[in-house]
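For reference, input.txt is printed below; it contains compact mmCIF, C-alpha atoms.
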# COMPACT_ATOMS: atom_id res chain seq x y z
CA MET A 1470 -211.63 -52.36 12.87
CA SER A 1471 -210.46 -51.65 16.42
CA ILE A 1472 -208.30 -54.08 18.38
CA VAL A 1473 -210.07 -55.33 21.51
CA PHE A 1474 -207.61 -58.00 22.66
CA GLU A 1475 -203.90 -58.47 22.08
CA ARG A 1476 -200.74 -59.76 23.70
CA PRO A 1477 -199.38 -57.37 26.36
CA LYS A 1478 -196.25 -55.58 25.22
CA ALA A 1479 -194.43 -56.71 28.37
CA LEU A 1480 -195.05 -60.36 27.42
CA SER A 1481 -192.73 -61.79 24.77
CA ASP A 1482 -193.99 -63.87 21.87
CA ALA A 1483 -191.86 -66.86 22.91
CA ALA A 1484 -193.70 -70.16 23.21
CA THR A 1485 -193.66 -71.22 26.87
CA HIS A 1486 -192.38 -74.59 28.04
CA TYR A 1487 -195.19 -75.18 30.52
CA CYS A 1488 -197.27 -78.36 30.53
CA PRO A 1489 -200.77 -78.35 28.98
CA GLY A 1490 -203.26 -76.92 31.47
CA CYS A 1491 -200.60 -75.27 33.64
CA THR A 1492 -201.76 -71.90 34.91
CA HIS A 1493 -198.33 -70.24 35.00
CA GLY A 1494 -199.16 -68.67 31.65
CA ILE A 1495 -202.22 -66.95 33.07
CA VAL A 1496 -200.18 -65.39 35.86
CA HIS A 1497 -197.48 -64.31 33.40
CA ARG A 1498 -200.09 -62.46 31.38
CA LEU A 1499 -201.51 -60.74 34.46
CA ILE A 1500 -198.05 -59.50 35.42
CA ALA A 1501 -197.37 -58.31 31.88
CA GLU A 1502 -200.71 -56.49 31.71
CA THR A 1503 -199.84 -54.76 34.98
CA LEU A 1504 -196.44 -53.65 33.71
CA ASP A 1505 -198.10 -52.23 30.61
CA GLU A 1506 -200.89 -50.46 32.46
CA LEU A 1507 -198.55 -48.89 35.01
CA ASP A 1508 -196.01 -48.11 32.26
CA ILE A 1509 -193.14 -49.51 34.31
CA THR A 1510 -191.67 -52.22 32.06
CA GLY A 1511 -188.56 -50.16 31.34
CA ARG A 1512 -187.65 -49.84 35.01
CA THR A 1513 -188.73 -53.28 36.18
CA VAL A 1514 -186.38 -56.11 37.14
CA GLY A 1515 -187.78 -59.61 37.65
CA ILE A 1516 -186.00 -62.33 39.64
CA ALA A 1517 -186.70 -65.96 38.75
CA PRO A 1518 -184.98 -68.73 40.72
CA VAL A 1519 -184.98 -72.47 40.10
CA GLY A 1520 -188.43 -73.93 39.52
CA CYS A 1521 -191.00 -74.27 36.75
CA ALA A 1522 -190.55 -70.58 35.91
CA VAL A 1523 -186.77 -70.96 35.64
CA MET A 1524 -186.91 -69.66 32.04
CA ALA A 1525 -189.13 -66.66 32.76
CA TYR A 1526 -186.36 -64.48 31.34
CA ASP A 1527 -187.61 -65.62 27.91
CA TYR A 1528 -191.20 -64.61 28.59
CA PHE A 1529 -191.05 -61.06 29.96
CA GLU A 1530 -189.77 -57.99 28.12
CA CYS A 1531 -188.41 -56.40 31.30
CA ASP A 1532 -184.93 -57.07 32.65
CA MET A 1533 -184.67 -60.46 34.35
CA ILE A 1534 -182.09 -62.02 36.67
CA GLN A 1535 -181.62 -65.72 37.37
CA ALA A 1536 -181.19 -66.52 41.08
CA ALA A 1537 -180.04 -69.64 42.87
CA HIS A 1538 -182.75 -71.89 44.29
CA GLY A 1539 -184.63 -70.04 47.06
CA ARG A 1540 -182.48 -66.93 46.94
CA ALA A 1541 -184.70 -64.64 44.86
CA PRO A 1542 -185.74 -62.36 47.77
CA ALA A 1543 -182.08 -61.86 48.69
CA VAL A 1544 -181.19 -60.99 45.09
CA ALA A 1545 -184.25 -58.74 44.84
CA THR A 1546 -183.19 -56.96 48.02
CA GLY A 1547 -179.79 -56.17 46.53
CA VAL A 1548 -181.28 -54.96 43.24
CA LYS A 1549 -183.87 -52.75 44.97
CA ARG A 1550 -181.31 -51.18 47.27
CA ALA A 1551 -179.00 -50.51 44.33
CA LEU A 1552 -181.89 -49.21 42.19
CA PRO A 1553 -184.36 -47.67 44.66
CA ASP A 1554 -186.40 -46.14 41.83
CA GLY A 1555 -186.68 -49.48 40.05
CA VAL A 1556 -189.60 -51.89 40.34
CA VAL A 1557 -188.37 -55.30 41.52
CA PHE A 1558 -190.37 -58.50 41.72
CA THR A 1559 -189.67 -62.17 42.30
CA TYR A 1560 -191.62 -65.03 40.74
CA GLN A 1561 -191.37 -68.13 42.95
CA GLY A 1562 -192.93 -71.53 43.45
CA ASP A 1563 -193.87 -73.13 46.75
CA GLY A 1564 -190.85 -75.41 47.02
CA ASP A 1565 -188.53 -72.52 46.25
CA LEU A 1566 -190.18 -69.91 48.47
CA ALA A 1567 -191.48 -72.00 51.37
CA ALA A 1568 -188.72 -74.62 51.66
CA ILE A 1569 -185.15 -73.80 50.65
CA GLY A 1570 -185.96 -70.07 50.53
CA THR A 1571 -187.94 -69.75 53.75
CA ALA A 1572 -185.27 -67.67 55.52
CA GLU A 1573 -184.85 -65.27 52.60
CA THR A 1574 -188.63 -64.85 52.34
CA VAL A 1575 -189.27 -64.29 56.03
CA HIS A 1576 -186.38 -61.94 56.67
CA SER A 1577 -186.91 -59.80 53.57
CA ALA A 1578 -190.52 -59.43 54.75
CA ALA A 1579 -189.44 -58.66 58.32
CA ARG A 1580 -187.11 -55.95 57.04
CA GLY A 1581 -189.92 -54.45 54.97
CA GLU A 1582 -187.91 -54.61 51.75
CA LYS A 1583 -189.78 -52.66 49.08
CA ILE A 1584 -190.11 -55.60 46.69
CA THR A 1585 -193.04 -57.56 45.32
CA ILE A 1586 -193.23 -61.35 45.47
CA ILE A 1587 -195.50 -63.34 43.18
CA PHE A 1588 -195.80 -66.71 44.90
CA ILE A 1589 -197.17 -69.63 42.88
CA ASN A 1590 -198.66 -72.26 45.20
CA ASN A 1591 -199.54 -75.50 43.42
CA ALA A 1592 -199.01 -77.71 46.47
CA ILE A 1593 -196.21 -79.74 44.90
CA TYR A 1594 -192.68 -79.59 43.50
CA GLY A 1595 -193.47 -79.21 39.81
CA MET A 1596 -190.17 -78.96 37.94
CA THR A 1597 -188.36 -81.79 39.73
CA GLY A 1598 -191.02 -84.46 39.32
CA GLY A 1599 -193.79 -84.04 41.85
CA GLN A 1600 -192.28 -84.44 45.31
CA MET A 1601 -194.13 -83.31 48.44
CA ALA A 1602 -193.78 -79.59 49.06
CA PRO A 1603 -194.24 -77.56 52.26
CA THR A 1604 -197.67 -76.64 50.88
CA SER A 1605 -198.82 -80.16 49.96
CA LEU A 1606 -202.15 -80.90 51.63
CA PRO A 1607 -202.69 -83.44 54.40
CA GLY A 1608 -203.23 -86.80 52.75
CA GLN A 1609 -202.06 -85.54 49.34
CA ILE A 1610 -200.35 -88.19 47.24
CA THR A 1611 -197.02 -87.15 45.74
CA GLN A 1612 -193.88 -88.93 44.52
CA THR A 1613 -192.44 -88.80 48.03
CA SER A 1614 -195.73 -89.40 49.87
CA PRO A 1615 -197.29 -92.26 47.88
CA TYR A 1616 -199.69 -93.03 50.73
CA GLY A 1617 -200.59 -89.39 51.25
CA ARG A 1618 -198.95 -86.70 53.35
CA ASP A 1619 -198.79 -87.93 56.93
CA VAL A 1620 -198.85 -84.85 59.14
CA GLN A 1621 -197.51 -86.85 62.08
CA ALA A 1622 -194.32 -87.52 60.15
CA ALA A 1623 -194.09 -84.58 57.72
CA GLY A 1624 -195.89 -81.86 59.62
CA TYR A 1625 -198.66 -79.60 58.41
CA PRO A 1626 -198.70 -77.41 55.29
CA VAL A 1627 -197.29 -73.90 55.61
CA ARG A 1628 -199.78 -71.08 55.06
CA ILE A 1629 -197.50 -68.32 53.79
CA CYS A 1630 -199.89 -65.35 53.72
CA GLU A 1631 -201.06 -66.03 57.25
CA LEU A 1632 -197.45 -66.39 58.42
CA LEU A 1633 -196.10 -63.26 56.75
CA SER A 1634 -199.08 -61.09 57.68
CA THR A 1635 -197.89 -61.20 61.31
CA LEU A 1636 -194.67 -59.36 60.40
CA ASP A 1637 -194.54 -55.59 60.81
CA GLY A 1638 -192.53 -55.13 57.62
CA VAL A 1639 -195.26 -56.55 55.40
CA TYR A 1640 -197.40 -53.87 53.79
CA TYR A 1641 -199.69 -56.06 51.69
CA ALA A 1642 -200.41 -59.81 51.50
CA GLU A 1643 -203.23 -61.40 49.54
CA ARG A 1644 -204.08 -64.92 48.37
CA VAL A 1645 -205.84 -65.37 45.04
CA ALA A 1646 -206.54 -68.18 42.58
CA VAL A 1647 -206.72 -68.58 38.80
CA ASP A 1648 -209.34 -71.35 38.54
CA SER A 1649 -212.16 -69.23 37.12
CA VAL A 1650 -212.76 -66.01 35.22
CA LYS A 1651 -213.92 -64.28 38.39
CA ASN A 1652 -210.84 -65.35 40.32
CA VAL A 1653 -208.48 -64.47 37.48
CA ARG A 1654 -209.90 -60.95 37.55
CA MET A 1655 -209.39 -60.79 41.31
CA ALA A 1656 -205.83 -62.04 40.85
CA LYS A 1657 -205.14 -59.28 38.34
CA LYS A 1658 -206.49 -56.69 40.77
CA ALA A 1659 -204.24 -58.01 43.55
CA ILE A 1660 -201.11 -58.13 41.38
CA LYS A 1661 -201.71 -54.60 40.14
CA LYS A 1662 -202.24 -53.38 43.70
CA ALA A 1663 -198.98 -54.99 44.84
CA PHE A 1664 -196.99 -53.35 42.05
CA THR A 1665 -198.76 -50.03 42.57
CA TYR A 1666 -197.85 -50.04 46.26
CA GLN A 1667 -194.22 -50.61 45.30
CA THR A 1668 -194.22 -47.70 42.85
CA GLU A 1669 -195.57 -45.55 45.69
CA GLY A 1670 -192.64 -46.52 47.92
CA ARG A 1671 -194.61 -48.74 50.30
CA GLY A 1672 -193.19 -51.82 52.03
CA PHE A 1673 -193.00 -55.52 51.24
CA THR A 1674 -195.87 -56.88 49.11
CA ILE A 1675 -196.77 -60.47 48.27
CA VAL A 1676 -199.50 -62.07 46.18
CA GLU A 1677 -199.95 -65.81 46.65
CA VAL A 1678 -201.59 -67.46 43.65
CA LEU A 1679 -203.22 -70.88 44.00
CA SER A 1680 -202.29 -72.62 40.77
CA THR A 1681 -202.67 -76.04 39.15
CA CYS A 1682 -200.12 -78.70 38.24
CA PRO A 1683 -202.09 -81.21 36.13
CA THR A 1684 -199.02 -83.27 35.21
CA ASN A 1685 -197.79 -83.96 38.73
CA TRP A 1686 -201.27 -84.13 40.22
CA GLY A 1687 -202.07 -86.81 37.64
CA LEU A 1688 -205.22 -85.00 36.52
CA ALA A 1689 -206.60 -83.65 33.27
CA PRO A 1690 -206.53 -79.83 33.14
CA VAL A 1691 -210.25 -79.37 33.79
CA LYS A 1692 -210.21 -81.82 36.70
CA ALA A 1693 -207.12 -80.06 38.07
CA LEU A 1694 -209.07 -76.80 38.23
CA LEU A 1695 -211.84 -78.62 40.09
CA TRP A 1696 -209.30 -80.14 42.52
CA LEU A 1697 -207.89 -76.69 43.22
CA ARG A 1698 -211.39 -75.36 43.87
CA GLU A 1699 -212.55 -78.25 46.07
CA ARG A 1700 -209.35 -79.11 47.93
CA MET A 1701 -206.91 -76.20 47.94
CA ILE A 1702 -209.17 -73.19 48.44
CA PRO A 1703 -210.82 -74.60 51.60
CA TYR A 1704 -207.35 -75.17 53.11
CA TYR A 1705 -205.90 -71.93 51.75
CA PRO A 1706 -208.75 -69.41 51.96
CA LEU A 1707 -208.63 -66.60 49.44
CA GLY A 1708 -208.57 -63.00 50.56
CA VAL A 1709 -206.56 -60.06 51.84
CA TYR A 1710 -204.47 -60.99 54.86
CA LYS A 1711 -202.81 -57.63 55.33
CA ASP A 1712 -203.26 -54.31 53.59
CA MET A 1713 -201.80 -51.28 55.32
CA GLY A 1714 -203.56 -49.14 52.74
CA GLY A 1715 -206.95 -50.76 53.30
CA GLU A 1716 -208.80 -53.43 55.25
CA ALA A 1717 -207.54 -56.93 56.10
CA GLN A 1718 -209.90 -59.87 56.39
In structure tokens, what does this structure look like?
Amino acid sequence: MSIVFERPKALSDAATHYCPGCTHGIVHRLIAETLDELDITGRTVGIAPVGCAVMAYDYFECDMIQAAHGRAPAVATGVKRALPDGVVFTYQGDGDLAAIGTAETVHSAARGEKITIIFINNAIYGMTGGQMAPTSLPGQITQTSPYGRDVQAAGYPVRICELLSTLDGVYYAERVAVDSVKNVRMAKKAIKKAFTYQTEGRGFTIVEVLSTCPTNWGLAPVKALLWLRERMIPYYPLGVYKDMGGEAQ
């Protein structure tokens, strides 16, 4: 009997700590499948800062480094410059990447650092209890915006792919989602493209993944997927925002 489905070799057999219905696990698998298919696990270094994926070092079979909150792109820059033939990626949430780590993100992109960022956007601070994040939607209820995000007081959400796509150093930027089988397949294609570009020596690549946080959204997993589809995707349109090797939307 032939095996038609199995755990990727780049994904450890450790049980994850994520909440029921969290889509981090899906993204982990897509990354691991990519490492297997490109045969790059042995020369890959992942950087995980503070956030829900803080223990990602337990879940991937490649080398992993723990970074301070928001500093993953800076650490990744140092690793890539020290190991130019290595494959270096960061795995960051929206609070980490778009708040405390905004400067590191923007300037590593502006410099065209040859790293790959996997950006998980679930519109909320997940690990620390559900506070409003830079990506929280207008009117979204969080622990620190119990009456909904007031854009007059807190400003508007930050659209990272649109922002970074204006920088000359960015080679590839795409936003995907993991709310359906079709979109999961598109997410895998984007992640594999980002890693492939890095192995070819291209510039900065980022894949933004719209993800769910059922616990802090206060929704059952299935309803969280529906909320992502009905609320997040209209505000954060999916698609390619920059692809120097192809066509941008």
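In this comparison, which uses all atoms listed in the file, the residue of A:Arg1671, A:Lys1711, A:His1486, A:Arg1580 approaching Cys1521 of chain A most closely is A:His1486.
Closest approach to Leu1695 of chain A among A:Val1647, A:Ile1534, A:Val1709, A:Ala1578: A:Val1647, based on all atoms listed in the file.
Going from atom CA of Pro1706 of chain A to atom CA of Val1645 of chain A covers 8.5 Å.
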Neighbours of point (-200.3, -71.8, 55.7) within 12 Å, using all atoms listed in the file, written as an NGL selection string: :A and (1563 or 1567 or 1590 or 1592 or 1603-1607 or 1624-1634 or 1644 or 1677 or 1701-1707 or 1710)
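Pairwise distance (atom CA of Gly1598 of chain A, atom CA of Asn1685 of chain A) equals 6.8 Å.
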